[in-house]
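Only one structure is covered here, and it is reproduced in the block below.
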Amino acid sequence: MRPRVRTGTSGGYDVVHTLVIGGGIAGTAAALALHKAGSDVTVYEARPDSAEDIGAFLTLASNGMRALAQIDASAAVTAVGFPLRSMRVLDDTGATVAHVPLGEAGDPLLRYRCLHRGELTTALQAEAARRGIGIRHGARLSSVQNTSDTVTAHFTDGSTATGDLLVGADGLNSVVRHGLAPAVRPRYAGQRVFYGYTQDPLLAEENAGESERLTMVRGSGTAFGYAVSPAGETYWFARVAGEPLAAEEIADGTPGHWRELLLPLLRRDTTPAAGVVAVTTDRLMVTNTMEIPTGTPWRSGRVLTIGDAAHAASPATGQGASMALEDAVVLAKCLRDAPGTEAALALYESLRRPRVEENVTVSGNISRGTPPPPRPGRGVPAARPGDDDLVRHLDWHTDLWTEAAGRTPGSRPR
């Protein structure tokens with residue numbers, strides 16, 4: 001192993017090589033951020049190629065786009081998908097009850113972006129490869145051996161890898177998390193989510209003016225949302241309360257089955273939702289919403305979980321991917337700025353846990369039908385706790401260790 005060297009401005013001297021388990025959004029973004037902070041990084045991805053959940057789509061919010069900008073990955077991501085500048089909200093009669101800007105719509109780098117999950121993963125992996133970051137596909141983790149000085153990953157093919165830090169970004173069913181907290185299991189958050197796409201020409205013509213706008217429909221039995229791409233393709237989702245679908249039913253279900261299951265619920269209302277779903281043919285899928293309980297351990301020694309492996313939330317707030325991107329930047333900066341691994345990981349957890357667990361709670365309450373708290377003005381989203389601090393935490397030039405000391409005189413994060 002190479003001698004340990006300082007990798008940052010004020011500390012971070014004992015992490016030279018980092019093993020990242022999981023080549024999805026959180027893992028690849030973490031690799032980009034850690035590489036920028038001076039660490040040698042290798043990503044280990046269980047899948048044989050980069051196509052991850054190619055059918056689903058997501059929305060990156062302005063906070064996620066801000067995180068990408070800090071690791072110089074904006075161009076790679078804005079090359080795919082399309083921007084969203086505003087949100088229109090309809091009630092169950094189809095009447096508009098709100099129409100507001102989305103996030104920081106005035107800044108092209110910070111505009112919300114709608115894209116396929118697989119497109120985002122592929123773009124981040126391509127950027128990592130361009131920077132010389134190693135990504136090993138087909139490497140499925142079986143266990144982790146954690147010592148005081150190093151950590152070793154054992155893979156199912158019998159191979160191993162040793163480094164100074166192991167970052168578990170291996171998603172909802174994380175092997176890394178299971179090693180840290182074997183009793184913790186993902187739990188159902190109360191809704192099924194349907195995703196679909198349609199390229200129906202008539203629908204595209206009717207919605208020609210809706211490019212760069214997200215429409216949310218507060219239906220009587222569903223929460224529905226859709227956006228029309230510049231190419232005229234409609235991306236839509238529907239969240240429906242009910243018992244979780246069995247894994248076998250999800251695996252064996254057909255687009256036609258899901259469409260007929262969903263349409264009666266949407267036809268109760270006079271909104272565009274039923275029409276959008278009715279013209280969707282083969283590109284329709286469903287999943288159960290899942291979350292990780294708050295308070296779940298994130299770290300032990302030189303092992304840490306991030307993203308969905310640590311704090312998966314239901315998709316109701318639309319923040320999962322953006323929170324993972326935030327994790328990546330803050331982790332790299334903590335390791336760069338703090339005087340050692342333990343101090344860096346403690347600082348990271350103190351900065352991230354309140355924010356992401358608030359998201360898990362709020363998103364879960366929405367999915368389970370718990371009313372949200374009042375908002376300051378009709379149609380104006382309330383600021384997420386921590387947003388004022390987030391800009392500083394993500395700003396690449398902010399020294400997080402120095403700031404933490406300054407905000408709590410005489411003490412350091414535990």
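Just remember, in the structure tokens the first chain shown is A, the second B, etc., residues are 1-based per chain, and ligands are 1-based in the order shown.
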
Pick out the residues sitting within 12 Å of Tyr44 (chain A), and hand them over as a PDB file with all heavy atoms, in the first residue's frame; count only C-alpha atoms, and ignore anything fewer than 2 positions along from it in its own chain.
ATOM      1  N   THR A  18      -9.872   4.441  -1.724  1.00  0.00           N
ATOM      2  CA  THR A  18     -11.244   4.199  -1.301  1.00  0.00           C
ATOM      3  C   THR A  18     -11.901   3.164  -2.190  1.00  0.00           C
ATOM      4  O   THR A  18     -11.809   3.234  -3.426  1.00  0.00           O
ATOM      5  CB  THR A  18     -12.066   5.507  -1.370  1.00  0.00           C
ATOM      6  OG1 THR A  18     -11.415   6.524  -0.599  1.00  0.00           O
ATOM      7  CG2 THR A  18     -13.465   5.297  -0.839  1.00  0.00           C
ATOM      8  N   LEU A  19     -12.572   2.205  -1.559  1.00  0.00           N
ATOM      9  CA  LEU A  19     -13.372   1.219  -2.272  1.00  0.00           C
ATOM     10  C   LEU A  19     -14.820   1.681  -2.217  1.00  0.00           C
ATOM     11  O   LEU A  19     -15.355   1.902  -1.129  1.00  0.00           O
ATOM     12  CB  LEU A  19     -13.258  -0.161  -1.620  1.00  0.00           C
ATOM     13  CG  LEU A  19     -11.864  -0.663  -1.231  1.00  0.00           C
ATOM     14  CD1 LEU A  19     -11.978  -2.030  -0.548  1.00  0.00           C
ATOM     15  CD2 LEU A  19     -10.959  -0.739  -2.447  1.00  0.00           C
ATOM     16  N   VAL A  20     -15.451   1.842  -3.352  1.00  0.00           N
ATOM     17  CA  VAL A  20     -16.856   2.213  -3.412  1.00  0.00           C
ATOM     18  C   VAL A  20     -17.640   1.005  -3.899  1.00  0.00           C
ATOM     19  O   VAL A  20     -17.396   0.503  -5.004  1.00  0.00           O
ATOM     20  CB  VAL A  20     -17.101   3.416  -4.337  1.00  0.00           C
ATOM     21  CG1 VAL A  20     -18.596   3.707  -4.458  1.00  0.00           C
ATOM     22  CG2 VAL A  20     -16.362   4.649  -3.826  1.00  0.00           C
ATOM     23  N   ILE A  21     -18.565   0.528  -3.080  1.00  0.00           N
ATOM     24  CA  ILE A  21     -19.382  -0.625  -3.440  1.00  0.00           C
ATOM     25  C   ILE A  21     -20.701  -0.125  -4.005  1.00  0.00           C
ATOM     26  O   ILE A  21     -21.515   0.466  -3.294  1.00  0.00           O
ATOM     27  CB  ILE A  21     -19.633  -1.542  -2.222  1.00  0.00           C
ATOM     28  CG1 ILE A  21     -18.309  -1.917  -1.559  1.00  0.00           C
ATOM     29  CG2 ILE A  21     -20.418  -2.783  -2.655  1.00  0.00           C
ATOM     30  CD1 ILE A  21     -17.335  -2.664  -2.451  1.00  0.00           C
ATOM     31  N   GLY A  22     -20.909  -0.322  -5.291  1.00  0.00           N
ATOM     32  CA  GLY A  22     -22.116   0.143  -5.963  1.00  0.00           C
ATOM     33  C   GLY A  22     -21.802   1.222  -6.975  1.00  0.00           C
ATOM     34  O   GLY A  22     -21.251   2.265  -6.622  1.00  0.00           O
ATOM     35  N   GLY A  23     -22.144   0.954  -8.238  1.00  0.00           N
ATOM     36  CA  GLY A  23     -21.854   1.898  -9.314  1.00  0.00           C
ATOM     37  C   GLY A  23     -23.072   2.653  -9.781  1.00  0.00           C
ATOM     38  O   GLY A  23     -23.115   3.097 -10.931  1.00  0.00           O
ATOM     39  N   GLY A  24     -24.071   2.821  -8.909  1.00  0.00           N
ATOM     40  CA  GLY A  24     -25.245   3.612  -9.254  1.00  0.00           C
ATOM     41  C   GLY A  24     -24.998   5.094  -9.039  1.00  0.00           C
ATOM     42  O   GLY A  24     -23.863   5.573  -9.083  1.00  0.00           O
ATOM     43  N   GLY A  27     -22.917   5.876  -5.643  1.00  0.00           N
ATOM     44  CA  GLY A  27     -21.560   5.352  -5.691  1.00  0.00           C
ATOM     45  C   GLY A  27     -20.691   6.057  -6.712  1.00  0.00           C
ATOM     46  O   GLY A  27     -19.541   6.424  -6.422  1.00  0.00           O
ATOM     47  N   THR A  28     -21.213   6.268  -7.913  1.00  0.00           N
ATOM     48  CA  THR A  28     -20.397   6.899  -8.940  1.00  0.00           C
ATOM     49  C   THR A  28     -20.169   8.369  -8.629  1.00  0.00           C
ATOM     50  O   THR A  28     -19.075   8.900  -8.837  1.00  0.00           O
ATOM     51  CB  THR A  28     -21.044   6.735 -10.324  1.00  0.00           C
ATOM     52  OG1 THR A  28     -21.423   5.375 -10.510  1.00  0.00           O
ATOM     53  CG2 THR A  28     -20.063   7.113 -11.417  1.00  0.00           C
ATOM     54  N   ALA A  31     -17.494   8.534  -6.075  1.00  0.00           N
ATOM     55  CA  ALA A  31     -16.186   8.314  -6.691  1.00  0.00           C
ATOM     56  C   ALA A  31     -15.669   9.591  -7.349  1.00  0.00           C
ATOM     57  O   ALA A  31     -14.488   9.941  -7.220  1.00  0.00           O
ATOM     58  CB  ALA A  31     -16.282   7.185  -7.709  1.00  0.00           C
ATOM     59  N   VAL A  41      -9.638   6.041  -6.142  1.00  0.00           N
ATOM     60  CA  VAL A  41     -10.938   5.399  -5.963  1.00  0.00           C
ATOM     61  C   VAL A  41     -11.123   4.283  -6.975  1.00  0.00           C
ATOM     62  O   VAL A  41     -10.765   4.426  -8.144  1.00  0.00           O
ATOM     63  CB  VAL A  41     -12.095   6.415  -6.148  1.00  0.00           C
ATOM     64  CG1 VAL A  41     -13.422   5.781  -5.758  1.00  0.00           C
ATOM     65  CG2 VAL A  41     -11.854   7.677  -5.355  1.00  0.00           C
ATOM     66  N   THR A  42     -11.726   3.186  -6.520  1.00  0.00           N
ATOM     67  CA  THR A  42     -12.190   2.127  -7.411  1.00  0.00           C
ATOM     68  C   THR A  42     -13.633   1.807  -7.059  1.00  0.00           C
ATOM     69  O   THR A  42     -13.975   1.668  -5.885  1.00  0.00           O
ATOM     70  CB  THR A  42     -11.345   0.850  -7.295  1.00  0.00           C
ATOM     71  OG1 THR A  42      -9.965   1.163  -7.505  1.00  0.00           O
ATOM     72  CG2 THR A  42     -11.783  -0.191  -8.327  1.00  0.00           C
ATOM     73  N   ALA A  46     -22.040  -4.683  -8.955  1.00  0.00           N
ATOM     74  CA  ALA A  46     -22.459  -6.078  -9.096  1.00  0.00           C
ATOM     75  C   ALA A  46     -22.979  -6.393 -10.498  1.00  0.00           C
ATOM     76  O   ALA A  46     -22.792  -7.506 -11.000  1.00  0.00           O
ATOM     77  CB  ALA A  46     -23.531  -6.406  -8.059  1.00  0.00           C
ATOM     78  N   ARG A  47     -23.647  -5.435 -11.126  1.00  0.00           N
ATOM     79  CA  ARG A  47     -24.207  -5.688 -12.454  1.00  0.00           C
ATOM     80  C   ARG A  47     -23.092  -5.802 -13.491  1.00  0.00           C
ATOM     81  O   ARG A  47     -22.059  -5.142 -13.377  1.00  0.00           O
ATOM     82  CB  ARG A  47     -25.175  -4.582 -12.860  1.00  0.00           C
ATOM     83  CG  ARG A  47     -26.449  -4.543 -12.019  1.00  0.00           C
ATOM     84  CD  ARG A  47     -27.327  -3.368 -12.445  1.00  0.00           C
ATOM     85  NE  ARG A  47     -28.609  -3.376 -11.753  1.00  0.00           N
ATOM     86  CZ  ARG A  47     -28.822  -2.862 -10.558  1.00  0.00           C
ATOM     87  NH1 ARG A  47     -27.825  -2.305  -9.910  1.00  0.00           N
ATOM     88  NH2 ARG A  47     -30.016  -2.898 -10.002  1.00  0.00           N
ATOM     89  N   PRO A  48     -23.321  -6.591 -14.528  1.00  0.00           N
ATOM     90  CA  PRO A  48     -22.275  -6.773 -15.537  1.00  0.00           C
ATOM     91  C   PRO A  48     -22.075  -5.584 -16.458  1.00  0.00           C
ATOM     92  O   PRO A  48     -21.088  -5.518 -17.188  1.00  0.00           O
ATOM     93  CB  PRO A  48     -22.755  -7.995 -16.330  1.00  0.00           C
ATOM     94  CG  PRO A  48     -24.237  -8.018 -16.135  1.00  0.00           C
ATOM     95  CD  PRO A  48     -24.474  -7.503 -14.756  1.00  0.00           C
ATOM     96  N   ASP A  49     -23.023  -4.632 -16.474  1.00  0.00           N
ATOM     97  CA  ASP A  49     -22.878  -3.439 -17.312  1.00  0.00           C
ATOM     98  C   ASP A  49     -23.498  -2.259 -16.585  1.00  0.00           C
ATOM     99  O   ASP A  49     -23.876  -2.359 -15.423  1.00  0.00           O
ATOM    100  CB  ASP A  49     -23.521  -3.643 -18.689  1.00  0.00           C
ATOM    101  CG  ASP A  49     -24.981  -4.072 -18.588  1.00  0.00           C
ATOM    102  OD1 ASP A  49     -25.710  -3.499 -17.751  1.00  0.00           O
ATOM    103  OD2 ASP A  49     -25.390  -4.977 -19.333  1.00  0.00           O
ATOM    104  N   SER A  50     -23.607  -1.111 -17.267  1.00  0.00           N
ATOM    105  CA  SER A  50     -24.050   0.111 -16.604  1.00  0.00           C
ATOM    106  C   SER A  50     -25.548   0.323 -16.628  1.00  0.00           C
ATOM    107  O   SER A  50     -26.036   1.312 -16.088  1.00  0.00           O
ATOM    108  CB  SER A  50     -23.375   1.329 -17.265  1.00  0.00           C
ATOM    109  OG  SER A  50     -23.772   1.430 -18.621  1.00  0.00           O
ATOM    110  N   GLN A 125     -21.070   7.261 -14.873  1.00  0.00           N
ATOM    111  CA  GLN A 125     -20.019   6.262 -15.058  1.00  0.00           C
ATOM    112  C   GLN A 125     -19.080   6.651 -16.196  1.00  0.00           C
ATOM    113  O   GLN A 125     -17.864   6.458 -16.112  1.00  0.00           O
ATOM    114  CB  GLN A 125     -20.630   4.886 -15.303  1.00  0.00           C
ATOM    115  CG  GLN A 125     -21.269   4.275 -14.071  1.00  0.00           C
ATOM    116  CD  GLN A 125     -21.680   2.832 -14.269  1.00  0.00           C
ATOM    117  OE1 GLN A 125     -21.460   2.242 -15.325  1.00  0.00           O
ATOM    118  NE2 GLN A 125     -22.293   2.254 -13.262  1.00  0.00           N
ATOM    119  N   ILE A 133     -11.077   6.939 -13.291  1.00  0.00           N
ATOM    120  CA  ILE A 133     -11.538   6.203 -12.110  1.00  0.00           C
ATOM    121  C   ILE A 133     -11.909   4.787 -12.531  1.00  0.00           C
ATOM    122  O   ILE A 133     -12.679   4.587 -13.466  1.00  0.00           O
ATOM    123  CB  ILE A 133     -12.754   6.907 -11.485  1.00  0.00           C
ATOM    124  CG1 ILE A 133     -12.367   8.314 -11.008  1.00  0.00           C
ATOM    125  CG2 ILE A 133     -13.329   6.083 -10.333  1.00  0.00           C
ATOM    126  CD1 ILE A 133     -13.541   9.173 -10.587  1.00  0.00           C
ATOM    127  N   GLY A 134     -11.392   3.800 -11.848  1.00  0.00           N
ATOM    128  CA  GLY A 134     -11.660   2.415 -12.200  1.00  0.00           C
ATOM    129  C   GLY A 134     -13.051   1.969 -11.782  1.00  0.00           C
ATOM    130  O   GLY A 134     -13.480   2.236 -10.656  1.00  0.00           O
ATOM    131  N   ILE A 135     -13.761   1.310 -12.692  1.00  0.00           N
ATOM    132  CA  ILE A 135     -15.070   0.728 -12.384  1.00  0.00           C
ATOM    133  C   ILE A 135     -15.030  -0.738 -12.787  1.00  0.00           C
ATOM    134  O   ILE A 135     -14.858  -1.064 -13.964  1.00  0.00           O
ATOM    135  CB  ILE A 135     -16.208   1.450 -13.138  1.00  0.00           C
ATOM    136  CG1 ILE A 135     -16.224   2.930 -12.788  1.00  0.00           C
ATOM    137  CG2 ILE A 135     -17.557   0.801 -12.799  1.00  0.00           C
ATOM    138  CD1 ILE A 135     -17.279   3.725 -13.536  1.00  0.00           C
ATOM    139  N   ARG A 136     -15.181  -1.605 -11.815  1.00  0.00           N
ATOM    140  CA  ARG A 136     -15.166  -3.044 -12.086  1.00  0.00           C
ATOM    141  C   ARG A 136     -16.592  -3.568 -12.042  1.00  0.00           C
ATOM    142  O   ARG A 136     -17.237  -3.565 -10.993  1.00  0.00           O
ATOM    143  CB  ARG A 136     -14.305  -3.769 -11.055  1.00  0.00           C
ATOM    144  CG  ARG A 136     -14.268  -5.277 -11.280  1.00  0.00           C
ATOM    145  CD  ARG A 136     -13.502  -5.992 -10.192  1.00  0.00           C
ATOM    146  NE  ARG A 136     -13.904  -7.385 -10.120  1.00  0.00           N
ATOM    147  CZ  ARG A 136     -13.634  -8.189  -9.111  1.00  0.00           C
ATOM    148  NH1 ARG A 136     -12.937  -7.748  -8.071  1.00  0.00           N
ATOM    149  NH2 ARG A 136     -14.053  -9.436  -9.111  1.00  0.00           N
ATOM    150  N   HIS A 137     -17.099  -4.001 -13.184  1.00  0.00           N
ATOM    151  CA  HIS A 137     -18.448  -4.555 -13.261  1.00  0.00           C
ATOM    152  C   HIS A 137     -18.425  -6.054 -12.942  1.00  0.00           C
ATOM    153  O   HIS A 137     -17.397  -6.720 -13.050  1.00  0.00           O
ATOM    154  CB  HIS A 137     -19.022  -4.336 -14.662  1.00  0.00           C
ATOM    155  CG  HIS A 137     -19.320  -2.901 -14.958  1.00  0.00           C
ATOM    156  ND1 HIS A 137     -20.431  -2.261 -14.481  1.00  0.00           N
ATOM    157  CD2 HIS A 137     -18.635  -1.969 -15.679  1.00  0.00           C
ATOM    158  CE1 HIS A 137     -20.434  -1.005 -14.899  1.00  0.00           C
ATOM    159  NE2 HIS A 137     -19.349  -0.801 -15.618  1.00  0.00           N
ATOM    160  N   GLY A 138     -19.581  -6.574 -12.540  1.00  0.00           N
ATOM    161  CA  GLY A 138     -19.687  -7.992 -12.208  1.00  0.00           C
ATOM    162  C   GLY A 138     -19.023  -8.349 -10.894  1.00  0.00           C
ATOM    163  O   GLY A 138     -18.722  -9.524 -10.652  1.00  0.00           O
ATOM    164  N   ALA A 139     -18.805  -7.350 -10.023  1.00  0.00           N
ATOM    165  CA  ALA A 139     -18.153  -7.586  -8.722  1.00  0.00           C
ATOM    166  C   ALA A 139     -19.219  -7.516  -7.634  1.00  0.00           C
ATOM    167  O   ALA A 139     -19.587  -6.433  -7.176  1.00  0.00           O
ATOM    168  CB  ALA A 139     -17.065  -6.551  -8.479  1.00  0.00           C
ATOM    169  N   ARG A 140     -19.741  -8.659  -7.240  1.00  0.00           N
ATOM    170  CA  ARG A 140     -20.812  -8.715  -6.238  1.00  0.00           C
ATOM    171  C   ARG A 140     -20.219  -8.954  -4.853  1.00  0.00           C
ATOM    172  O   ARG A 140     -19.545  -9.961  -4.614  1.00  0.00           O
ATOM    173  CB  ARG A 140     -21.809  -9.814  -6.594  1.00  0.00           C
ATOM    174  CG  ARG A 140     -23.040  -9.861  -5.682  1.00  0.00           C
ATOM    175  CD  ARG A 140     -24.075 -10.830  -6.202  1.00  0.00           C
ATOM    176  NE  ARG A 140     -24.591 -10.405  -7.502  1.00  0.00           N
ATOM    177  CZ  ARG A 140     -25.540  -9.494  -7.669  1.00  0.00           C
ATOM    178  NH1 ARG A 140     -26.069  -8.888  -6.616  1.00  0.00           N
ATOM    179  NH2 ARG A 140     -25.947  -9.180  -8.881  1.00  0.00           N
ATOM    180  N   LEU A 141     -20.463  -8.030  -3.938  1.00  0.00           N
ATOM    181  CA  LEU A 141     -19.890  -8.114  -2.599  1.00  0.00           C
ATOM    182  C   LEU A 141     -20.522  -9.252  -1.804  1.00  0.00           C
ATOM    183  O   LEU A 141     -21.741  -9.457  -1.846  1.00  0.00           O
ATOM    184  CB  LEU A 141     -20.126  -6.795  -1.864  1.00  0.00           C
ATOM    185  CG  LEU A 141     -19.497  -6.662  -0.473  1.00  0.00           C
ATOM    186  CD1 LEU A 141     -17.987  -6.506  -0.592  1.00  0.00           C
ATOM    187  CD2 LEU A 141     -20.105  -5.481   0.279  1.00  0.00           C
ATOM    188  N   SER A 142     -19.690  -9.971  -1.050  1.00  0.00           N
ATOM    189  CA  SER A 142     -20.213 -11.004  -0.153  1.00  0.00           C
ATOM    190  C   SER A 142     -20.015 -10.625   1.313  1.00  0.00           C
ATOM    191  O   SER A 142     -20.882 -10.892   2.146  1.00  0.00           O
ATOM    192  CB  SER A 142     -19.546 -12.352  -0.434  1.00  0.00           C
ATOM    193  OG  SER A 142     -18.143 -12.276  -0.257  1.00  0.00           O
ATOM    194  N   ALA A 153     -12.751  -5.857   1.043  1.00  0.00           N
ATOM    195  CA  ALA A 153     -14.004  -6.334   0.467  1.00  0.00           C
ATOM    196  C   ALA A 153     -13.789  -7.716  -0.126  1.00  0.00           C
ATOM    197  O   ALA A 153     -12.821  -7.939  -0.855  1.00  0.00           O
ATOM    198  CB  ALA A 153     -14.476  -5.369  -0.619  1.00  0.00           C
ATOM    199  N   HIS A 154     -14.686  -8.636   0.194  1.00  0.00           N
ATOM    200  CA  HIS A 154     -14.655  -9.983  -0.362  1.00  0.00           C
ATOM    201  C   HIS A 154     -15.822 -10.126  -1.338  1.00  0.00           C
ATOM    202  O   HIS A 154     -16.968  -9.819  -0.990  1.00  0.00           O
ATOM    203  CB  HIS A 154     -14.772 -11.029   0.749  1.00  0.00           C
ATOM    204  CG  HIS A 154     -13.610 -11.034   1.700  1.00  0.00           C
ATOM    205  ND1 HIS A 154     -12.577 -11.943   1.622  1.00  0.00           N
ATOM    206  CD2 HIS A 154     -13.308 -10.217   2.748  1.00  0.00           C
ATOM    207  CE1 HIS A 154     -11.699 -11.701   2.579  1.00  0.00           C
ATOM    208  NE2 HIS A 154     -12.124 -10.650   3.281  1.00  0.00           N
ATOM    209  N   PHE A 155     -15.539 -10.606  -2.547  1.00  0.00           N
ATOM    210  CA  PHE A 155     -16.556 -10.720  -3.583  1.00  0.00           C
ATOM    211  C   PHE A 155     -16.923 -12.176  -3.826  1.00  0.00           C
ATOM    212  O   PHE A 155     -16.169 -13.101  -3.467  1.00  0.00           O
ATOM    213  CB  PHE A 155     -16.060 -10.048  -4.869  1.00  0.00           C
ATOM    214  CG  PHE A 155     -15.753  -8.589  -4.686  1.00  0.00           C
ATOM    215  CD1 PHE A 155     -14.448  -8.155  -4.484  1.00  0.00           C
ATOM    216  CD2 PHE A 155     -16.774  -7.649  -4.679  1.00  0.00           C
ATOM    217  CE1 PHE A 155     -14.161  -6.814  -4.288  1.00  0.00           C
ATOM    218  CE2 PHE A 155     -16.500  -6.300  -4.478  1.00  0.00           C
ATOM    219  CZ  PHE A 155     -15.198  -5.874  -4.288  1.00  0.00           C
ATOM    220  N   SER A 159     -12.525 -13.079  -5.311  1.00  0.00           N
ATOM    221  CA  SER A 159     -11.531 -12.013  -5.324  1.00  0.00           C
ATOM    222  C   SER A 159     -11.714 -11.090  -4.117  1.00  0.00           C
ATOM    223  O   SER A 159     -12.767 -11.096  -3.455  1.00  0.00           O
ATOM    224  CB  SER A 159     -11.638 -11.199  -6.616  1.00  0.00           C
ATOM    225  OG  SER A 159     -12.900 -10.556  -6.692  1.00  0.00           O
ATOM    226  N   THR A 160     -10.699 -10.293  -3.824  1.00  0.00           N
ATOM    227  CA  THR A 160     -10.746  -9.334  -2.718  1.00  0.00           C
ATOM    228  C   THR A 160     -10.162  -8.001  -3.172  1.00  0.00           C
ATOM    229  O   THR A 160      -9.468  -7.918  -4.188  1.00  0.00           O
ATOM    230  CB  THR A 160      -9.955  -9.826  -1.496  1.00  0.00           C
ATOM    231  OG1 THR A 160      -8.576  -9.955  -1.854  1.00  0.00           O
ATOM    232  CG2 THR A 160     -10.481 -11.173  -0.999  1.00  0.00           C
ATOM    233  N   ALA A 161     -10.441  -6.964  -2.400  1.00  0.00           N
ATOM    234  CA  ALA A 161      -9.841  -5.643  -2.623  1.00  0.00           C
ATOM    235  C   ALA A 161      -9.672  -4.990  -1.266  1.00  0.00           C
ATOM    236  O   ALA A 161     -10.561  -5.062  -0.414  1.00  0.00           O
ATOM    237  CB  ALA A 161     -10.726  -4.786  -3.515  1.00  0.00           C
ATOM    238  N   LEU A 166     -14.089   2.020   2.951  1.00  0.00           N
ATOM    239  CA  LEU A 166     -15.075   1.378   2.091  1.00  0.00           C
ATOM    240  C   LEU A 166     -16.389   2.137   2.217  1.00  0.00           C
ATOM    241  O   LEU A 166     -16.903   2.321   3.329  1.00  0.00           O
ATOM    242  CB  LEU A 166     -15.266  -0.093   2.464  1.00  0.00           C
ATOM    243  CG  LEU A 166     -16.200  -0.896   1.550  1.00  0.00           C
ATOM    244  CD1 LEU A 166     -15.701  -2.342   1.391  1.00  0.00           C
ATOM    245  CD2 LEU A 166     -17.644  -0.912   2.083  1.00  0.00           C
ATOM    246  N   VAL A 167     -16.905   2.601   1.087  1.00  0.00           N
ATOM    247  CA  VAL A 167     -18.158   3.344   1.034  1.00  0.00           C
ATOM    248  C   VAL A 167     -19.224   2.430   0.438  1.00  0.00           C
ATOM    249  O   VAL A 167     -19.131   2.024  -0.723  1.00  0.00           O
ATOM    250  CB  VAL A 167     -18.014   4.619   0.185  1.00  0.00           C
ATOM    251  CG1 VAL A 167     -19.357   5.349   0.083  1.00  0.00           C
ATOM    252  CG2 VAL A 167     -16.947   5.534   0.778  1.00  0.00           C
ATOM    253  N   GLY A 168     -20.230   2.102   1.241  1.00  0.00           N
ATOM    254  CA  GLY A 168     -21.317   1.244   0.779  1.00  0.00           C
ATOM    255  C   GLY A 168     -22.403   2.074   0.125  1.00  0.00           C
ATOM    256  O   GLY A 168     -23.183   2.734   0.817  1.00  0.00           O
ATOM    257  N   ALA A 169     -22.449   2.033  -1.194  1.00  0.00           N
ATOM    258  CA  ALA A 169     -23.474   2.745  -1.959  1.00  0.00           C
ATOM    259  C   ALA A 169     -24.263   1.724  -2.763  1.00  0.00           C
ATOM    260  O   ALA A 169     -24.585   1.945  -3.932  1.00  0.00           O
ATOM    261  CB  ALA A 169     -22.825   3.787  -2.867  1.00  0.00           C
ATOM    262  N   ASP A 170     -24.562   0.592  -2.129  1.00  0.00           N
ATOM    263  CA  ASP A 170     -25.153  -0.544  -2.828  1.00  0.00           C
ATOM    264  C   ASP A 170     -26.655  -0.647  -2.629  1.00  0.00           C
ATOM    265  O   ASP A 170     -27.237  -1.722  -2.716  1.00  0.00           O
ATOM    266  CB  ASP A 170     -24.453  -1.853  -2.458  1.00  0.00           C
ATOM    267  CG  ASP A 170     -24.255  -2.056  -0.960  1.00  0.00           C
ATOM    268  OD1 ASP A 170     -24.366  -1.082  -0.193  1.00  0.00           O
ATOM    269  OD2 ASP A 170     -23.979  -3.197  -0.550  1.00  0.00           O
TER     270      ASP A 170
END

Residues near region 185-201 of chain A, cut-off 9 Å, only C-alpha atoms, skip fewer than 6 positions along chain, as a ChimeraX atom specification: /A:55-57,172-173,178,231-245,258,262,276-277,279-293,312-315,363-365,367-369

Pick from A:Tyr348, A:Gly256, A:Leu390, A:Leu325, whichever lies nearest to Ala67 (chain A) using only C-alpha atoms: A:Leu325

Considering only C-alpha atoms, state which residue in the set A:Leu266, A:Ala404, A:Val184, A:Val16 is at the smallest distance from Ser220 (chain A). A:Leu266

Between A:Leu34, A:Ala61, A:Leu261, A:Asp92, which residue has the minimum interatomic distance to Thr317 (chain A), considering only C-alpha atoms?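 The shortest atom-to-atom distance to Thr317 (chain A) comes from A:Ala61.
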
Counting only C-alpha atoms, the residue among A:Met87, A:Ala128, A:Val303, A:Ala95 that lies closest to Tyr112 (chain A) is A:Met87

Strand (DSSP E or B) per DSSP on the backbone: members of region 114-152 of chain A, as a ChimeraX atom specification: /A:114-116,134-137,141-146,151-152

As a VMD selection string, please: every residue in region 104-294 of chain A that a backbone DSSP assignment puts in alpha helix (DSSP H). chain A and resid 117 to 130 175 to 180 201 to 206 247 to 252 255 to 266 273 to 278

Given only C-alpha atoms as the counted atoms, nearest of A:Val228, A:Leu90, A:Leu180, A:Ala29 to Cys114 (chain A):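 So, comparing all the options, the nearest one is A:Val228.
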
Set the distance at 8 Å and use only C-alpha atoms: which residues neighbour Gly318 (chain A) once local chain neighbours fewer than 5 positions away are removed? I'd like the list as an MDAnalysis selection string. chainID A and resid 58:61

Pick out the closest residue to Glu212 (chain A) from this set: A:Ala321, A:Leu102, A:Leu68, A:Val360. Count only C-alpha atoms.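 Smallest distance to Glu212 (chain A) is found for A:Leu102.
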
Please, what distance in Å, to one decimal, runs between CA of Glu342 (chain A) and CA of Ala405 (chain A)?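 Here the two named atoms are 15.8 Å from each other.
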
Two-atom distance - CA of Gly94 (chain A), CA of Gln319 (chain A) (Å):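 Here the two named atoms are 25.9 Å from each other.
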
Atomic distance CA of Pro101 (chain A) - CA of Val391 (chain A), expressed in Å with one decimal: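 Atom-to-atom, CA of Pro101 (chain A) and CA of Val391 (chain A) are spaced 19.4 Å apart.
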